[in-house]
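Enquirer: Quick one: this structure, given as structure tokens, is what I'll be asking you about.
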Amino acid sequence: MPTPLMLNAFSPEHAESLDSRTREMIARRQRVLGPSYRLFYEHPVHFVRGEGVWLYDPDGVPYLDVYNNVPSVGHSHPHVTAAVARQAATLNTHTRYLYDLVITYAERLLATFPPELSNVMFTCTGSEASDLAMRVAKCFTGGTGFIVTEAAYHGITDAVSGISPSLGVHVPLGANVRTIAPPARYRADGSIIEDVGGVFAASVEHAVRDLRRHGIQVAALIADTIFSSDGMYSDPAGFLKPAVATIRQAGGVFIADEVQPGFGRLGTHMWGFQRHDIVPDMTILGKPMGNGIPIAGVVAKPSVLEDFSKRARYFNTFGGNPVSCAAGLAVLEVIENERLMANAEDVGRYLREGLNKLASLNSCIGEIRGAGLFIGMDLVADDQLARIPSPALASRIVNGLRERHVLISASGPHGHVLKIRPPLPFSRENADHFLAALSQVLAEQR
Ligand SMILES: Cc1ncc(COP(=O)(O)O)c(C=O)c1O
């Protein structure tokens, strides 16, 4: 299975159509960064400045960002940059000294969670947070087995890449890992699954039994609550409930990966798990948490952390340092002050309506899913066989939009799901701009 990113990415055969300045920069980059890195788009983009939902190339040409969820409150947001600059000019140490801001930020962050989730441990990246959550889950349950979805991505460490099947067949899954189908409403043959939650829970049950048959006790079910890398599965809200009950019955914990859906992106709720009316045992946070400043973490029930804390001390050199916490606090303030969740809900609905109109005119558009400003749109090969994924078409559309200075990407195990996930200040006017460009690119494909 090629990784989806490969499909939209630059590869050497595209170099000839690039200007000499870009070609040189790619060569220089490759010389020092080596071959593991990828560049988005057949014609890679080079940005020198960002503001709100716009990125600017060296000639000052603006590109509409409909993809990035790290600068979630907007590129280079002045409230965040001022907080970071102020803090960097005052003090930047670590969590082994008393410092009020770190505690204040933890309090403000935890106030956005249900009261059961009342401890936070800071890390620098989502991968570290996933890794830490795995360690805690093993300690709390005594189990070692993990259940994840078929195209899950939870990060890059040795342990975490082993629970991230979306990295592809050359990155081995652990022998203690079982994958289950994502909670899709459609089967491969196009028939509809009525009880998405029941079917998903049954897969969890099946995986638990299979682990047991191999002498492995389950530690956790880990799920991204919007299933980003699986192709974005959002509805019906509540479908995670039976799976969470199932994993707990089996002696495991439920870890909600909120790295992608968290921090208000889904509009109605701050956290993706809240749409499902569940309280996880742990949640993993990252990406938008510092609007680009590295800060991530695990939010957990104190009872789940208790044993782990007795056995192991926790220190993460940069995790939760004052500058990162200043960024984190400023992000929470912007989300509230600019009513970004209400905006995500309003503009997200408007965008989905626009996409549904496009779907009625374009038979290559399959299901449109999502919540708030996190939308997935299937591209399918043929309307007679409406569910056959078309990664090639998705790639042409992603690259076609890039040529029109609009940035998105594609996701899912086949790379055929357009991932529409702009910074949260995205307006209805921005949505119209995106829909017009998408409509033109789709027309070119007919
Ligand atoms: C759902 C999810 N979990 C975890 C991670 C890992 O986060 P990081 O790249 O900060 O290590 C990612 C990153 O893409 C992610 O999408």
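Every chain in the structure tokens takes a letter, A first, then B, and so on in the order presented; its residues are numbered from 1, and the ligands are numbered from 1 following the presented order.
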Let me see if you get this right: every residue at most 9 Å from ligand 1, counting only C-alpha atoms and all ligand atoms, written as a ChimeraX atom specification.

Expert: /A:124-130,152-157,160,223-229,257-261,284-287,294-296

Enquirer: Export N, CA and C atoms of the chosen residues as a compact mmCIF listing (two decimals), in the first residue's frame?

Expert:
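Saved file out-v5.txt follows:
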```txt
# COMPACT_ATOMS: atom_id res chain seq x y z
N CYS A 124 6.47 17.41 24.13
CA CYS A 124 6.73 18.37 23.05
C CYS A 124 5.96 18.01 21.79
N THR A 125 5.69 16.73 21.60
CA THR A 125 5.04 16.29 20.36
C THR A 125 3.91 15.31 20.67
N GLY A 126 3.05 15.15 19.68
CA GLY A 126 1.97 14.17 19.80
C GLY A 126 2.52 12.76 19.90
N SER A 127 3.64 12.51 19.21
CA SER A 127 4.24 11.17 19.27
C SER A 127 4.67 10.83 20.69
N GLU A 128 5.31 11.80 21.33
CA GLU A 128 5.72 11.57 22.73
C GLU A 128 4.51 11.33 23.62
N ALA A 129 3.44 12.07 23.33
CA ALA A 129 2.22 11.91 24.14
C ALA A 129 1.63 10.52 23.92
N SER A 130 1.61 10.06 22.66
CA SER A 130 1.09 8.70 22.38
C SER A 130 1.95 7.66 23.10
N ALA A 152 -4.64 3.94 11.04
CA ALA A 152 -4.37 4.89 12.13
C ALA A 152 -2.97 5.47 12.01
N TYR A 153 -2.82 6.69 12.53
CA TYR A 153 -1.49 7.29 12.69
C TYR A 153 -1.44 7.92 14.07
N HIS A 154 -0.45 7.50 14.88
CA HIS A 154 -0.34 8.08 16.22
C HIS A 154 1.06 8.63 16.48
N GLY A 155 1.98 8.51 15.51
CA GLY A 155 3.28 9.15 15.69
C GLY A 155 4.47 8.31 15.26
N ILE A 156 5.66 8.80 15.65
CA ILE A 156 6.89 8.31 15.02
C ILE A 156 7.86 7.54 15.91
N THR A 157 7.63 7.44 17.21
CA THR A 157 8.63 6.71 18.01
C THR A 157 8.58 5.22 17.64
N VAL A 160 5.34 3.82 18.96
CA VAL A 160 4.14 4.43 18.37
C VAL A 160 4.04 4.14 16.86
N ALA A 223 -7.97 5.54 19.65
CA ALA A 223 -8.63 6.02 18.42
C ALA A 223 -8.57 7.53 18.32
N ASP A 224 -8.24 7.99 17.14
CA ASP A 224 -8.38 9.40 16.77
C ASP A 224 -9.89 9.62 16.67
N THR A 225 -10.43 10.58 17.42
CA THR A 225 -11.89 10.67 17.51
C THR A 225 -12.56 11.24 16.25
N ILE A 226 -11.77 11.62 15.23
CA ILE A 226 -12.36 11.94 13.93
C ILE A 226 -11.79 11.00 12.86
N PHE A 227 -10.92 10.09 13.25
CA PHE A 227 -10.36 9.07 12.35
C PHE A 227 -9.73 9.71 11.11
N SER A 228 -8.88 10.73 11.35
CA SER A 228 -8.32 11.55 10.27
C SER A 228 -7.62 10.72 9.20
N SER A 229 -6.65 9.89 9.62
CA SER A 229 -5.87 9.18 8.61
C SER A 229 -6.64 8.01 8.01
N ASP A 257 -7.27 9.95 20.90
CA ASP A 257 -6.23 10.77 20.28
C ASP A 257 -6.91 12.03 19.73
N GLU A 258 -6.65 13.14 20.41
CA GLU A 258 -7.28 14.42 20.04
C GLU A 258 -6.31 15.33 19.30
N VAL A 259 -5.19 14.77 18.86
CA VAL A 259 -4.17 15.58 18.20
C VAL A 259 -4.76 16.33 16.99
N GLN A 260 -5.62 15.67 16.26
CA GLN A 260 -6.20 16.33 15.07
C GLN A 260 -7.54 17.00 15.36
N PRO A 261 -8.49 16.32 16.00
CA PRO A 261 -9.80 16.97 16.15
C PRO A 261 -9.90 17.97 17.30
N ILE A 284 -4.79 12.22 24.17
CA ILE A 284 -3.50 12.66 23.63
C ILE A 284 -3.75 13.98 22.91
N LEU A 285 -2.96 15.00 23.25
CA LEU A 285 -3.13 16.32 22.62
C LEU A 285 -1.85 16.69 21.88
N GLY A 286 -1.97 17.59 20.92
CA GLY A 286 -0.78 18.06 20.21
C GLY A 286 -1.13 19.14 19.21
N LYS A 287 -0.58 18.99 18.05
CA LYS A 287 -0.67 19.94 16.92
C LYS A 287 -1.15 21.37 17.24
N PRO A 294 6.06 24.01 19.83
CA PRO A 294 5.90 22.60 20.20
C PRO A 294 5.40 22.44 21.63
N ILE A 295 4.18 22.02 21.73
CA ILE A 295 3.63 21.62 23.03
C ILE A 295 2.54 20.58 22.78
N ALA A 296 2.57 19.53 23.57
CA ALA A 296 1.61 18.44 23.44
C ALA A 296 1.44 17.84 24.83
```

Enquirer: Could you list, as number ranges by chain, every residue within 12 Å of A:Met134, counting only C-alpha atoms and ignoring same-chain residues fewer than 6 positions away?

Expert: A: 127-128, 140-147, 154-155, 157-163, 177, 218-222, 252-257, 281-284, 298, 304-305, 308

Enquirer: Please, could you write that set of residues out with N, CA, C and O atoms as a compact mmCIF listing (two decimals), in the first residue's frame?

Expert:
```
# COMPACT_ATOMS: atom_id res chain seq x y z
N SER A 127 3.64 12.51 19.21
CA SER A 127 4.24 11.17 19.27
C SER A 127 4.67 10.83 20.69
O SER A 127 4.44 9.72 21.18
N GLU A 128 5.31 11.80 21.33
CA GLU A 128 5.72 11.57 22.73
C GLU A 128 4.51 11.33 23.62
O GLU A 128 4.56 10.53 24.55
N PHE A 140 -1.13 0.56 34.00
CA PHE A 140 -2.43 0.57 34.70
C PHE A 140 -3.17 -0.76 34.53
O PHE A 140 -3.79 -1.26 35.45
N THR A 141 -3.09 -1.34 33.33
CA THR A 141 -3.90 -2.54 33.05
C THR A 141 -3.13 -3.83 33.26
O THR A 141 -3.74 -4.89 33.38
N GLY A 142 -1.81 -3.76 33.21
CA GLY A 142 -1.03 -5.00 33.24
C GLY A 142 -1.01 -5.69 31.89
O GLY A 142 -0.33 -6.70 31.70
N GLY A 143 -1.74 -5.15 30.93
CA GLY A 143 -1.77 -5.73 29.59
C GLY A 143 -0.72 -5.09 28.69
O GLY A 143 -0.09 -4.08 29.05
N THR A 144 -0.53 -5.68 27.52
CA THR A 144 0.43 -5.12 26.56
C THR A 144 -0.17 -4.96 25.16
O THR A 144 0.50 -4.46 24.25
N GLY A 145 -1.41 -5.39 24.98
CA GLY A 145 -2.01 -5.38 23.64
C GLY A 145 -2.64 -4.03 23.32
O GLY A 145 -3.20 -3.35 24.19
N PHE A 146 -2.54 -3.64 22.03
CA PHE A 146 -3.15 -2.38 21.59
C PHE A 146 -4.02 -2.63 20.37
O PHE A 146 -3.65 -3.41 19.48
N ILE A 147 -5.15 -1.93 20.35
CA ILE A 147 -6.06 -2.04 19.21
C ILE A 147 -6.18 -0.67 18.57
O ILE A 147 -6.43 0.34 19.26
N HIS A 154 -0.45 7.50 14.88
CA HIS A 154 -0.34 8.08 16.22
C HIS A 154 1.06 8.63 16.48
O HIS A 154 1.31 9.12 17.57
N GLY A 155 1.98 8.51 15.51
CA GLY A 155 3.28 9.15 15.69
C GLY A 155 4.47 8.31 15.26
O GLY A 155 4.32 7.26 14.63
N THR A 157 7.63 7.44 17.21
CA THR A 157 8.63 6.71 18.01
C THR A 157 8.58 5.22 17.64
O THR A 157 7.67 4.78 16.93
N ASP A 158 9.52 4.47 18.17
CA ASP A 158 9.56 3.04 17.85
C ASP A 158 8.24 2.38 18.25
O ASP A 158 7.60 1.69 17.45
N ALA A 159 7.81 2.62 19.50
CA ALA A 159 6.57 1.99 19.97
C ALA A 159 5.37 2.52 19.19
O ALA A 159 4.48 1.75 18.79
N VAL A 160 5.34 3.82 18.96
CA VAL A 160 4.14 4.43 18.37
C VAL A 160 4.04 4.14 16.86
O VAL A 160 2.94 3.96 16.33
N SER A 161 5.18 4.07 16.18
CA SER A 161 5.10 3.69 14.76
C SER A 161 4.55 2.26 14.66
O SER A 161 3.89 1.91 13.68
N GLY A 162 4.76 1.48 15.71
CA GLY A 162 4.23 0.11 15.74
C GLY A 162 2.73 0.03 15.96
O GLY A 162 2.13 -1.04 15.86
N ILE A 163 2.09 1.17 16.28
CA ILE A 163 0.60 1.19 16.33
C ILE A 163 0.07 2.17 15.28
O ILE A 163 -1.04 2.69 15.41
N VAL A 177 -0.19 -5.87 18.51
CA VAL A 177 -1.11 -4.86 17.96
C VAL A 177 -2.13 -5.53 17.03
O VAL A 177 -1.76 -6.41 16.24
N VAL A 218 -5.20 -7.26 26.66
CA VAL A 218 -5.29 -5.95 26.02
C VAL A 218 -4.99 -4.83 27.01
O VAL A 218 -5.39 -4.91 28.19
N ALA A 219 -4.26 -3.82 26.54
CA ALA A 219 -4.02 -2.63 27.37
C ALA A 219 -4.96 -1.49 26.97
O ALA A 219 -5.51 -0.82 27.82
N ALA A 220 -5.11 -1.28 25.66
CA ALA A 220 -5.91 -0.11 25.27
C ALA A 220 -6.44 -0.20 23.84
O ALA A 220 -5.84 -0.82 22.96
N LEU A 221 -7.57 0.46 23.67
CA LEU A 221 -8.04 0.86 22.35
C LEU A 221 -7.65 2.33 22.20
O LEU A 221 -7.99 3.15 23.06
N ILE A 222 -6.92 2.63 21.13
CA ILE A 222 -6.54 4.03 20.88
C ILE A 222 -7.22 4.46 19.59
O ILE A 222 -7.07 3.80 18.55
N GLY A 252 -9.19 -3.25 29.42
CA GLY A 252 -8.33 -2.24 28.80
C GLY A 252 -8.85 -0.83 29.05
O GLY A 252 -9.93 -0.65 29.63
N VAL A 253 -8.09 0.15 28.61
CA VAL A 253 -8.54 1.54 28.72
C VAL A 253 -8.80 2.10 27.33
O VAL A 253 -8.34 1.56 26.32
N PHE A 254 -9.54 3.22 27.31
CA PHE A 254 -9.76 3.91 26.04
C PHE A 254 -8.94 5.19 26.02
O PHE A 254 -9.04 6.02 26.92
N ILE A 255 -8.10 5.31 24.98
CA ILE A 255 -7.28 6.51 24.81
C ILE A 255 -7.81 7.26 23.58
O ILE A 255 -7.81 6.73 22.47
N ALA A 256 -8.27 8.49 23.81
CA ALA A 256 -8.76 9.31 22.70
C ALA A 256 -7.59 10.13 22.16
O ALA A 256 -6.99 10.91 22.91
N ASP A 257 -7.27 9.95 20.90
CA ASP A 257 -6.23 10.77 20.28
C ASP A 257 -6.91 12.03 19.73
O ASP A 257 -7.66 11.98 18.75
N ASP A 281 -10.20 7.40 29.23
CA ASP A 281 -9.31 7.26 30.39
C ASP A 281 -8.11 8.18 30.24
O ASP A 281 -7.57 8.67 31.22
N MET A 282 -7.70 8.34 28.99
CA MET A 282 -6.62 9.29 28.69
C MET A 282 -6.91 9.94 27.34
O MET A 282 -7.57 9.33 26.49
N THR A 283 -6.39 11.15 27.16
CA THR A 283 -6.45 11.76 25.83
C THR A 283 -5.04 12.23 25.46
O THR A 283 -4.25 12.60 26.33
N ILE A 284 -4.79 12.22 24.17
CA ILE A 284 -3.50 12.66 23.63
C ILE A 284 -3.75 13.98 22.91
O ILE A 284 -4.65 14.07 22.07
N VAL A 298 -0.57 14.57 27.58
CA VAL A 298 -1.56 13.53 27.91
C VAL A 298 -2.43 14.09 29.02
O VAL A 298 -1.91 14.56 30.04
N VAL A 304 -5.72 6.55 36.75
CA VAL A 304 -4.99 5.82 35.71
C VAL A 304 -3.48 6.09 35.81
O VAL A 304 -2.65 5.23 35.52
N LEU A 305 -3.15 7.30 36.27
CA LEU A 305 -1.73 7.68 36.36
C LEU A 305 -1.05 7.18 37.63
O LEU A 305 0.19 7.16 37.72
N PHE A 308 1.70 4.34 37.61
CA PHE A 308 2.81 4.78 36.76
C PHE A 308 3.66 5.80 37.51
O PHE A 308 4.89 5.73 37.50
```

Enquirer: Can you tell me, as a list of chain:residue names, what residues are no more than 9 Å from A:Glu345 when counting only C-alpha atoms, ignoring any on the same chain fewer than 4 positions away?

Expert: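 Answer for this query is A:Arg265, A:Leu266, A:Gly267, A:Thr268, A:Leu340, A:Met341, A:Arg349, A:Tyr350, A:Ala371, A:Gly372, A:Leu373.
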
Enquirer: Out of A:Glu13, A:Leu101, A:Arg402, A:Glu150, which residue has the shortest atom-to-atom distance to A:Leu167 when counting only C-alpha atoms?

Expert: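 Using only C-alpha atoms, the shortest distance to A:Leu167 belongs to A:Glu150.
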
Enquirer: Taking 4 positions as the minimum chain separation for residues in the same chain, which residues sit within 12 Å of stretch 16-25 of chain A when counting only C-alpha atoms? Answer as a list in words.

Expert: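 Listing them by chain and then by number gives Phe10, Ser11, Pro12, Arg29, Gln30, Arg31, Val32, Leu33, Leu39, Tyr41, Glu42, His43, Pro44, Val45, His46, Phe47, Asp57 and Pro58 of chain A.
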
Enquirer: Give me the residues near A:Tyr67 as a list in words, where near means some atom within 7 Å (using only C-alpha atoms) and where sequence neighbours in that chain fewer than 5 positions away do not count.

Expert: Leu407, Ile408, Ser409, Ile420, Arg421 and Pro422 of chain A

Enquirer: Please compute the atom CA of A:Ile293-atom CA of A:Val323 distance, one decimal, in Å.

Expert: 8.3 Å

Enquirer: With only C-alpha atoms as the atoms that count, which of A:Gly412, A:Gly320, A:Pro288, A:Gly168 lies nearest to A:Asn69?

Expert: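 Smallest distance to A:Asn69 is found for A:Pro288.
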
Enquirer: Run DSSP on the backbone and give me the residues of stretch 47-193 of chain A it puts in strand (DSSP E or B), as a PyMOL selection string.

Expert: chain A and resi 49-52+54-56+62-65+75+119-123+145-149+177-180+186+192

Enquirer: Restrict the selected residues to C-alpha atoms and save them as a PDB file, in the first residue's frame.

Expert:
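In the end it all went to part00.pdb:
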```pdb
ATOM      1  CA  ARG A  49       5.138  34.544   5.553  1.00  0.00           C
ATOM      2  CA  GLY A  50       1.771  33.612   6.996  1.00  0.00           C
ATOM      3  CA  GLU A  51      -1.176  35.617   8.267  1.00  0.00           C
ATOM      4  CA  GLY A  52      -4.589  34.265   9.299  1.00  0.00           C
ATOM      5  CA  TRP A  54      -3.142  32.964   4.096  1.00  0.00           C
ATOM      6  CA  LEU A  55       0.391  31.902   3.242  1.00  0.00           C
ATOM      7  CA  TYR A  56       2.619  34.041   1.009  1.00  0.00           C
ATOM      8  CA  PRO A  62      -1.197  34.622  -1.394  1.00  0.00           C
ATOM      9  CA  TYR A  63      -2.287  30.986  -1.051  1.00  0.00           C
ATOM     10  CA  LEU A  64      -5.509  30.094   0.770  1.00  0.00           C
ATOM     11  CA  ASP A  65      -4.779  27.569   3.513  1.00  0.00           C
ATOM     12  CA  HIS A  75      -0.885  31.795  10.957  1.00  0.00           C
ATOM     13  CA  ASN A 119      -4.225  15.683  35.334  1.00  0.00           C
ATOM     14  CA  VAL A 120      -2.067  16.796  32.429  1.00  0.00           C
ATOM     15  CA  MET A 121       1.472  15.686  31.604  1.00  0.00           C
ATOM     16  CA  PHE A 122       3.243  17.880  29.075  1.00  0.00           C
ATOM     17  CA  THR A 123       5.313  16.656  26.148  1.00  0.00           C
ATOM     18  CA  GLY A 145      -2.011  -5.380  23.643  1.00  0.00           C
ATOM     19  CA  PHE A 146      -3.147  -2.381  21.593  1.00  0.00           C
ATOM     20  CA  ILE A 147      -6.064  -2.043  19.210  1.00  0.00           C
ATOM     21  CA  VAL A 148      -6.022   0.638  16.508  1.00  0.00           C
ATOM     22  CA  THR A 149      -7.836   1.291  13.257  1.00  0.00           C
ATOM     23  CA  VAL A 177      -1.111  -4.864  17.960  1.00  0.00           C
ATOM     24  CA  ARG A 178      -4.419  -5.618  16.246  1.00  0.00           C
ATOM     25  CA  THR A 179      -6.043  -3.444  13.611  1.00  0.00           C
ATOM     26  CA  ILE A 180      -9.773  -3.043  13.100  1.00  0.00           C
ATOM     27  CA  TYR A 186     -20.476   2.058   3.826  1.00  0.00           C
ATOM     28  CA  ILE A 192     -24.940   0.718   4.276  1.00  0.00           C
TER      29      ILE A 192
END
```

Enquirer: Find, counting only C-alpha atoms, the residue in A:Asn321, A:Asn337, A:Asn362, A:Asn343 that gets nearest to A:Gln87.

Expert: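 Residue with the minimum atom-to-atom distance to A:Gln87: A:Asn321.
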
Enquirer: Within 9 Å of A:Val331, counting only C-alpha atoms, which residues show up once you throw out same-chain ones fewer than 4 positions away? Write them as a count of residues only, please.

Expert: 13

Enquirer: Any chance you could list, as a count of residues only, the residues in stretch 105-243 of chain A that come up alpha helix (DSSP H) when DSSP is run on the backbone?

Expert: 47

Enquirer: Record the distance separating atom CA of A:Phe426 and atom CA of A:Arg275, expressed in Å with one decimal.

Expert: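 The value is 21.7 Å.
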
Enquirer: Choose the residue, out of A:Val398, A:Leu424, A:Leu438, A:Leu132, that has the smallest atom-to-atom separation from A:Ala342; count only C-alpha atoms.

Expert: A:Leu424

Enquirer: I'd like to know which of A:Ala330, A:Leu393, A:Val199, A:Cys325 is closest to A:Asn92, using only C-alpha atoms.

Expert: A:Cys325

Enquirer: Between A:Ser324, A:Ser303, A:Thr93, A:Asn430, which has the minimum distance to A:Ala106 (counting only C-alpha atoms)?

Expert: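 Of A:Ser324, A:Ser303, A:Thr93, A:Asn430, the one nearest A:Ala106 is A:Ser324, counting only C-alpha atoms.
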